[in-house]
Amino acid sequence: MDPTRNFMRDVKRIIVKVGTAVVTRGDGRLAVGRLGVLCEQLKELNSQGFEIILVTSGAVGVGRQRLKYRKLVNSSFADLQKPQEELDGKACAAVGQSGLMALYDALFTQLDVASSQLVVTDRDFKDPGFRVQLIDTVNSLLNLRVVPVFNENDAISTRRAPYEDASGIFWDNDSLAALLALELNADLLVLLSDVEGLLSGPPGEPHSKIIHTYIKDIHEKEITFGDKSRVGRGGMTTKVKAAVHSADRGTPVVITSGFATDNIIKVLRGERIGTVFHRDAHLWVYPKETGAREMAVSARESSRRLQSLSSEERRKILLDIAKALEANEELIKSENEADVVAAQKAGYETSLISRLTLKPGKISSLSKSIRTLADMEDPIGQTLKKTELADGLILEKTSCPLGVLLIVFESRPDALVQIASLAVRSGNGLLLKGGKEAMRSNAILHKIITGAIPDNVGKRLIGLVTSRDEIPDLLKLDDVIDLVIPRGSNKLVSQIKESTKIPVLGHSDGICHVYVDKSANMDMAKQVVLDAKADYPAACNAMETLLVHKDIVGTTGLNDLIFQLEAEGVALYGGPQASPKLNIPLAHSLNHEYSSMACTIEIVDDVHSAIDHINHHGSAHTDCIISEDREVAEVFLHQVDSAAVFHNASTRFCDGARFGLGAEVGISTGRIHARGPVGVEGLLTTRWILRGSGQVVDGDKGVSYIHKNLSLK
């Protein structure tokens, strides 16, 4: 739970207000799917013992849509040529109210939840007797687990027009919700909007960012509001006014998006979404609201200072990091062991715990990799191409850092060390978000590494993101962050791609295959297959599917291979062909990454069938052929569409360190920018440097282009 949301633990009675922009679609019709999701959330909270009160807008909008349709149906062609008068708002409210409430009743009935309708006007609240009766009625309904649904009765309201008059005890459904929060002693008011919360500027402006905690003295004069709601009478201005009013009188408020499927539940869990209003907010100690942007900007500024150093100075930073890791090995092991014990107690899968554990010798191995990286040729500022465009006009294509990288990774603390060292070598700023299961390991590693970075560069070159709630904010910073690299499941990669405009270097599932051809040396096949599967089953480059040529089925060589796999403790599952013939359980999918001591076996007709299988069921990671027939092997190597394709070698060789890259930020299975193990080169881009002596274009009149390639020496 976010520390600024600790008050959620005491919440029982909740008022949820849903605005017209959420209730209706862009064309004015009811957003039935969105309302269904809303009702499902309220049903879940109701069943958990929360007291739920719903305040809804939308009656006028729904009525207007219906009346427009009826008017169209009943109009002649001549009528339609005349200027169309605006429909009466009160008539729209009268028509729309019944339809809106009928929909809520139908949705709640489907979910086995009882609801009730309470339509009120501003004048009702001027009667003290009404207010007492209202409280009694609502309390009775809540005791019966009924969801009261409130709406202002615009049809008989004494306002001049529902969308214009903002006078009285309440002036719209936002202020009605705030009034009810006070009258009914609600513990929380949730105002659902069509944006994710209160932004520092109008939605859509590049520098507008969400304000997670509203502090009146700070934010009241800073915020620039955009247009009012496209359909309702309010917009963010009225929501903030209602939220401040409610919070000042003791009911906390959260403004959040009503378009997300589970935001109300997330609010109650204490997750850092939306904007919270609380009368004690000015007393809280909480993360700075600009933390995500400041972190990214600081990383960029530090990276520019890093690039200004000499090659030897950057090399020394890496050597100091390696030395610091070795000097603190016992402390690192202690923190890692604490993470492993916590993960075991939490019941995490064996494969995750395996990735989490820093095995004996790992720190020494990481330090060695960093030194290898330090001894490599400096990648920054390398001249890749040199061309004389015209007499005395020299163009150079040079290597340079990408800028700021955001790496989101799961489980493996050793990944933090590899990625940080690559960032330093390539001159990039870096933001890291590791899995919560490795929190202590990541924290100590980050502290040690940044401690070795000199002050003239700045320790904020490498930032550690500690809360998952900061990730959505970071993913919006496409003007500051240049590349996102998610290291984890296909689900993680997909979620990040859907949530950002920043380019994503995706590393999806590692469904790696080994194909044993009919010409294979079976002793070699046993050796390679066992290593590919059992050396480190949790690795993304471990074999997950074994393909065998149909001609070796039933042979001693294949039988011995299967026996050896089972003897190593590998659980075997068969594809449609292999399951009955080898008498092993049927695999539930041919697209599965086990990440454990298990694999799928399938029988194929020949190398072409193997290639088709891999291209259809693989993840374009790493695939291997075991064959003594070079012609067959060449077909496999050139037609399998994967980032890495091997002949007679274990898939486990697909690794940045083993490839001589020093380290890797991950293995990219995409096709743009970098593919396979991504080392220093994958974190660089290019820029053009032109040296002249006063040349001008002037319509190319006086320029004689020669485009002569020059020696890089």
# chains A, B, ... in the order shown; residues from 1 in each chain; ligands from 1
>>> residues_around(residues="Cys540 in chain A", least_positions_apart="3", cutoff="8 Å", atoms="only C-alpha atoms", output="PyMOL selection string")
chain A and resi 509-511+595
>>> write_last_selection(atoms="C-alpha atoms", output="tab-separated table (two decimals), in the first residue's frame")
chain	number	residue	atom	x	y	z
A	509	ASP	CA	9.11	-15.81	-24.24
A	510	GLY	CA	12.12	-18.07	-24.65
A	511	ILE	CA	10.55	-21.07	-26.41
A	595	SER	CA	11.30	-22.48	-17.31
>>> residues_around(residues="Leu431 in chain A", least_positions_apart="3", cutoff="8 Å", atoms="only C-alpha atoms", output="number ranges by chain")
A: 295-296, 299, 404-407, 462-465
>>> closest_atom_pairs(of="range 620-705 of chain A", to="range 413-429 of chain A", cutoff="12 Å", atoms="only C-alpha atoms", output="JSON lines")
{"residue": "A:Asp655", "atom": "CA", "partner": "A:Gln418", "partner_atom": "CA", "distance": 11.8}
{"residue": "A:Gly656", "atom": "CA", "partner": "A:Gln418", "partner_atom": "CA", "distance": 9.7}
{"residue": "A:Ala657", "atom": "CA", "partner": "A:Gln418", "partner_atom": "CA", "distance": 9.5}
{"residue": "A:Leu661", "atom": "CA", "partner": "A:Leu422", "partner_atom": "CA", "distance": 9.5}
{"residue": "A:Gly662", "atom": "CA", "partner": "A:Leu422", "partner_atom": "CA", "distance": 8.2}
{"residue": "A:Ala663", "atom": "CA", "partner": "A:Gln418", "partner_atom": "CA", "distance": 5.5}
{"residue": "A:Glu664", "atom": "CA", "partner": "A:Gln418", "partner_atom": "CA", "distance": 6.2}
{"residue": "A:Val665", "atom": "CA", "partner": "A:Ile419", "partner_atom": "CA", "distance": 5.0}
{"residue": "A:Gly666", "atom": "CA", "partner": "A:Ala415", "partner_atom": "CA", "distance": 8.4}
{"residue": "A:Ile667", "atom": "CA", "partner": "A:Ala415", "partner_atom": "CA", "distance": 11.8}
{"residue": "A:Val678", "atom": "CA", "partner": "A:Leu422", "partner_atom": "CA", "distance": 9.7}
{"residue": "A:Gly679", "atom": "CA", "partner": "A:Leu422", "partner_atom": "CA", "distance": 6.9}
{"residue": "A:Val680", "atom": "CA", "partner": "A:Ser426", "partner_atom": "CA", "distance": 5.8}
{"residue": "A:Glu681", "atom": "CA", "partner": "A:Ser426", "partner_atom": "CA", "distance": 7.9}
{"residue": "A:Gly682", "atom": "CA", "partner": "A:Ser426", "partner_atom": "CA", "distance": 9.3}
{"residue": "A:Leu683", "atom": "CA", "partner": "A:Ser426", "partner_atom": "CA", "distance": 6.5}
{"residue": "A:Leu684", "atom": "CA", "partner": "A:Ser426", "partner_atom": "CA", "distance": 6.8}
{"residue": "A:Thr685", "atom": "CA", "partner": "A:Ser426", "partner_atom": "CA", "distance": 10.1}
>>> write_last_selection(atoms="all heavy atoms", output="short mmCIF file (atom, residue, chain, number, x, y, z; two decimals), in the first residue's frame")
data_model
loop_
_atom_site.label_atom_id
_atom_site.label_comp_id
_atom_site.auth_asym_id
_atom_site.auth_seq_id
_atom_site.Cartn_x
_atom_site.Cartn_y
_atom_site.Cartn_z
N ASP A 655 24.06 -15.79 -25.19
CA ASP A 655 24.26 -14.97 -23.99
C ASP A 655 25.28 -13.89 -24.31
O ASP A 655 26.27 -14.15 -25.01
CB ASP A 655 24.77 -15.86 -22.84
CG ASP A 655 25.12 -15.08 -21.61
OD1 ASP A 655 24.20 -14.78 -20.82
OD2 ASP A 655 26.32 -14.76 -21.44
N GLY A 656 25.04 -12.68 -23.82
CA GLY A 656 25.93 -11.58 -24.13
C GLY A 656 27.37 -11.82 -23.72
O GLY A 656 28.29 -11.54 -24.48
N ALA A 657 27.57 -12.33 -22.51
CA ALA A 657 28.94 -12.58 -22.05
C ALA A 657 29.61 -13.66 -22.89
O ALA A 657 30.78 -13.53 -23.27
CB ALA A 657 28.91 -12.99 -20.58
N LEU A 661 30.24 -9.98 -25.65
CA LEU A 661 29.71 -8.62 -25.58
C LEU A 661 29.99 -7.98 -24.22
O LEU A 661 29.64 -6.83 -24.00
CB LEU A 661 28.19 -8.63 -25.83
CG LEU A 661 27.72 -9.29 -27.12
CD1 LEU A 661 26.20 -9.21 -27.23
CD2 LEU A 661 28.38 -8.66 -28.33
N GLY A 662 30.59 -8.75 -23.31
CA GLY A 662 30.87 -8.26 -21.97
C GLY A 662 29.70 -8.48 -21.04
O GLY A 662 29.84 -8.96 -19.93
N ALA A 663 28.51 -8.12 -21.47
CA ALA A 663 27.27 -8.31 -20.70
C ALA A 663 26.11 -8.07 -21.66
O ALA A 663 26.32 -7.83 -22.85
CB ALA A 663 27.22 -7.33 -19.53
N GLU A 664 24.90 -8.15 -21.15
CA GLU A 664 23.73 -7.90 -21.99
C GLU A 664 22.64 -7.27 -21.17
O GLU A 664 22.52 -7.51 -19.96
CB GLU A 664 23.22 -9.20 -22.62
CG GLU A 664 22.63 -10.16 -21.61
CD GLU A 664 22.10 -11.45 -22.22
OE1 GLU A 664 22.71 -11.95 -23.17
OE2 GLU A 664 21.08 -11.96 -21.69
N VAL A 665 21.82 -6.44 -21.81
CA VAL A 665 20.64 -5.91 -21.14
C VAL A 665 19.45 -6.83 -21.34
O VAL A 665 18.42 -6.68 -20.71
CB VAL A 665 20.27 -4.49 -21.63
CG1 VAL A 665 21.33 -3.50 -21.27
CG2 VAL A 665 20.01 -4.50 -23.12
N GLY A 666 19.59 -7.78 -22.23
CA GLY A 666 18.52 -8.73 -22.51
C GLY A 666 18.73 -9.31 -23.90
O GLY A 666 19.69 -8.98 -24.59
N ILE A 667 17.83 -10.20 -24.28
CA ILE A 667 17.88 -10.79 -25.61
C ILE A 667 16.64 -10.34 -26.36
O ILE A 667 15.52 -10.66 -25.96
CB ILE A 667 17.96 -12.33 -25.52
CG1 ILE A 667 19.26 -12.73 -24.82
CG2 ILE A 667 17.88 -12.94 -26.92
CD1 ILE A 667 19.42 -14.22 -24.60
N VAL A 678 21.65 -8.21 -26.48
CA VAL A 678 21.86 -6.78 -26.68
C VAL A 678 22.97 -6.31 -25.74
O VAL A 678 22.78 -6.24 -24.53
CB VAL A 678 20.57 -5.98 -26.42
CG1 VAL A 678 20.81 -4.49 -26.64
CG2 VAL A 678 19.45 -6.47 -27.32
N GLY A 679 24.13 -6.03 -26.30
CA GLY A 679 25.25 -5.51 -25.53
C GLY A 679 25.41 -4.03 -25.76
O GLY A 679 24.44 -3.31 -26.02
N VAL A 680 26.65 -3.56 -25.70
CA VAL A 680 26.91 -2.13 -25.84
C VAL A 680 26.40 -1.59 -27.17
O VAL A 680 25.75 -0.54 -27.23
CB VAL A 680 28.43 -1.86 -25.70
CG1 VAL A 680 28.75 -0.42 -26.09
CG2 VAL A 680 28.87 -2.11 -24.28
N GLU A 681 26.66 -2.30 -28.27
CA GLU A 681 26.27 -1.80 -29.60
C GLU A 681 24.77 -1.56 -29.70
O GLU A 681 24.33 -0.64 -30.38
CB GLU A 681 26.71 -2.79 -30.68
CG GLU A 681 28.22 -2.79 -30.94
CD GLU A 681 28.59 -3.70 -32.10
OE1 GLU A 681 27.66 -4.16 -32.80
OE2 GLU A 681 29.78 -3.94 -32.29
N GLY A 682 23.98 -2.40 -29.02
CA GLY A 682 22.54 -2.24 -29.06
C GLY A 682 22.03 -1.04 -28.30
O GLY A 682 20.85 -0.68 -28.40
N LEU A 683 22.92 -0.41 -27.51
CA LEU A 683 22.53 0.76 -26.72
C LEU A 683 23.09 2.06 -27.32
O LEU A 683 23.11 3.09 -26.66
CB LEU A 683 23.03 0.61 -25.28
CG LEU A 683 22.54 -0.66 -24.56
CD1 LEU A 683 23.08 -0.70 -23.14
CD2 LEU A 683 21.02 -0.73 -24.55
N LEU A 684 23.54 1.95 -28.55
CA LEU A 684 24.08 3.11 -29.25
C LEU A 684 23.24 3.47 -30.46
O LEU A 684 22.53 2.63 -31.01
CB LEU A 684 25.52 2.82 -29.72
CG LEU A 684 26.56 2.50 -28.64
CD1 LEU A 684 27.85 2.07 -29.29
CD2 LEU A 684 26.79 3.70 -27.74
N THR A 685 23.32 4.71 -30.86
CA THR A 685 22.74 5.15 -32.12
C THR A 685 23.82 5.94 -32.86
O THR A 685 25.00 5.84 -32.51
CB THR A 685 21.46 5.99 -31.87
OG1 THR A 685 20.87 6.29 -33.13
CG2 THR A 685 21.75 7.27 -31.12
#
>>> closest_residue(among="A:Val516, A:Val132, A:Met439, A:Val529", to="Val548 in chain A", atoms="only C-alpha atoms")
A:Val516
>>> closest_residue(among="A:Ser334, A:Leu144, A:Met236, A:Ser364", to="Pro202 in chain A", atoms="only C-alpha atoms")
A:Met236
>>> residues_around(residues="Ala181 in chain A", least_positions_apart="5", cutoff="10 Å", atoms="only C-alpha atoms", output="ChimeraX atom specification")
/A:13-16,53,175-176,186-189,246-247,249-253
>>> closest_residue(among="A:Asn263, A:Ser311, A:Asn143, A:Thr387", to="Asn709 in chain A", atoms="only C-alpha atoms")
A:Thr387
>>> select_by_dssp(residues="range 560-696 of chain A", states="strand (DSSP E or B)", output="PyMOL selection string")
chain A and resi 571-574+586+598-604+622-626+644-647+666-668+676-678+684-691
>>> residues_around(residues="Ala610 in chain A", least_positions_apart="4", cutoff="10 Å", atoms="only C-alpha atoms", output="PDB file with C-alpha atoms, in the first residue's frame")
ATOM      1  CA  HIS A 513      13.975 -25.706 -29.818  1.00  0.00           C
ATOM      2  CA  VAL A 514      16.581 -28.359 -30.493  1.00  0.00           C
ATOM      3  CA  TYR A 515      15.984 -30.420 -33.643  1.00  0.00           C
ATOM      4  CA  VAL A 516      17.734 -33.811 -33.827  1.00  0.00           C
ATOM      5  CA  ASP A 517      18.071 -34.749 -37.486  1.00  0.00           C
ATOM      6  CA  LEU A 547      12.053 -32.040 -32.155  1.00  0.00           C
ATOM      7  CA  VAL A 548      13.153 -35.426 -33.497  1.00  0.00           C
ATOM      8  CA  HIS A 549      13.208 -36.811 -37.038  1.00  0.00           C
ATOM      9  CA  GLU A 602       7.460 -33.763 -30.953  1.00  0.00           C
ATOM     10  CA  ILE A 603       8.152 -35.894 -34.041  1.00  0.00           C
ATOM     11  CA  VAL A 604       8.647 -34.223 -37.449  1.00  0.00           C
ATOM     12  CA  ASP A 605       9.018 -35.607 -40.968  1.00  0.00           C
ATOM     13  CA  ASP A 606      12.192 -33.757 -41.976  1.00  0.00           C
ATOM     14  CA  ILE A 614       9.741 -23.650 -35.031  1.00  0.00           C
ATOM     15  CA  ASN A 615       8.553 -20.661 -37.071  1.00  0.00           C
ATOM     16  CA  HIS A 616       4.949 -21.385 -36.043  1.00  0.00           C
ATOM     17  CA  ILE A 625      19.927 -28.329 -35.167  1.00  0.00           C
ATOM     18  CA  PHE A 636      18.001 -24.919 -41.088  1.00  0.00           C
ATOM     19  CA  VAL A 640      14.640 -20.605 -39.133  1.00  0.00           C
TER      20      VAL A 640
END
>>> residues_around(residues="Ser519 in chain A", least_positions_apart="6", cutoff="10 Å", atoms="only C-alpha atoms", output="PyMOL selection string")
chain A and resi 549+551-552+626-630+632
>>> closest_residue(among="A:Ala343, A:Leu430, A:Leu586, A:Val11", to="Arg269 in chain A", atoms="only C-alpha atoms")
A:Val11
>>> residues_around(residues="Ser47 in chain A", least_positions_apart="4", cutoff="9 Å", atoms="only C-alpha atoms", output="number ranges by chain")
A: 42-43, 145
>>> residues_around(residues="Thr466 in chain A", least_positions_apart="6", cutoff="9 Å", atoms="only C-alpha atoms", output="VMD selection string")
chain A and resid 432 to 434 436 439 443
>>> atom_distance(atom1="CA of Phe125 in chain A", atom2="CA of His245 in chain A")
17.0 Å
>>> select_by_dssp(residues="range 631-661 of chain A", states="alpha helix (DSSP H)", output="ChimeraX atom specification")
/A:631-639
>>> write_last_selection(atoms="N, CA, C and O atoms", output="mmCIF file, in the first residue's frame")
data_model
loop_
_atom_site.group_PDB
_atom_site.id
_atom_site.type_symbol
_atom_site.label_atom_id
_atom_site.label_comp_id
_atom_site.auth_asym_id
_atom_site.auth_seq_id
_atom_site.Cartn_x
_atom_site.Cartn_y
_atom_site.Cartn_z
ATOM 1 N N GLU A 631 24.472 -29.871 -45.584
ATOM 2 C CA GLU A 631 23.474 -29.264 -46.470
ATOM 3 C C GLU A 631 22.166 -29.045 -45.725
ATOM 4 O O GLU A 631 21.544 -27.981 -45.828
ATOM 5 N N VAL A 632 21.749 -30.054 -44.966
ATOM 6 C CA VAL A 632 20.533 -29.937 -44.147
ATOM 7 C C VAL A 632 20.716 -28.842 -43.097
ATOM 8 O O VAL A 632 19.813 -28.024 -42.850
ATOM 9 N N ALA A 633 21.895 -28.818 -42.481
ATOM 10 C CA ALA A 633 22.161 -27.815 -41.446
ATOM 11 C C ALA A 633 22.083 -26.400 -42.009
ATOM 12 O O ALA A 633 21.524 -25.491 -41.375
ATOM 13 N N GLU A 634 22.618 -26.182 -43.218
ATOM 14 C CA GLU A 634 22.589 -24.856 -43.820
ATOM 15 C C GLU A 634 21.163 -24.406 -44.123
ATOM 16 O O GLU A 634 20.814 -23.233 -43.969
ATOM 17 N N VAL A 635 20.319 -25.359 -44.565
ATOM 18 C CA VAL A 635 18.906 -25.038 -44.794
ATOM 19 C C VAL A 635 18.273 -24.550 -43.496
ATOM 20 O O VAL A 635 17.560 -23.538 -43.454
ATOM 21 N N PHE A 636 18.549 -25.265 -42.408
ATOM 22 C CA PHE A 636 18.001 -24.919 -41.088
ATOM 23 C C PHE A 636 18.504 -23.540 -40.648
ATOM 24 O O PHE A 636 17.720 -22.675 -40.222
ATOM 25 N N LEU A 637 19.805 -23.317 -40.761
ATOM 26 C CA LEU A 637 20.407 -22.071 -40.288
ATOM 27 C C LEU A 637 19.864 -20.846 -41.021
ATOM 28 O O LEU A 637 19.751 -19.759 -40.439
ATOM 29 N N HIS A 638 19.522 -21.009 -42.296
ATOM 30 C CA HIS A 638 19.086 -19.856 -43.089
ATOM 31 C C HIS A 638 17.567 -19.681 -43.152
ATOM 32 O O HIS A 638 17.087 -18.619 -43.550
ATOM 33 N N GLN A 639 16.800 -20.699 -42.759
ATOM 34 C CA GLN A 639 15.343 -20.593 -42.881
ATOM 35 C C GLN A 639 14.607 -20.491 -41.546
ATOM 36 O O GLN A 639 13.432 -20.133 -41.522
#
>>> atom_distance(atom1="CA of Ala571 in chain A", atom2="CA of Ser596 in chain A")
9.1 Å
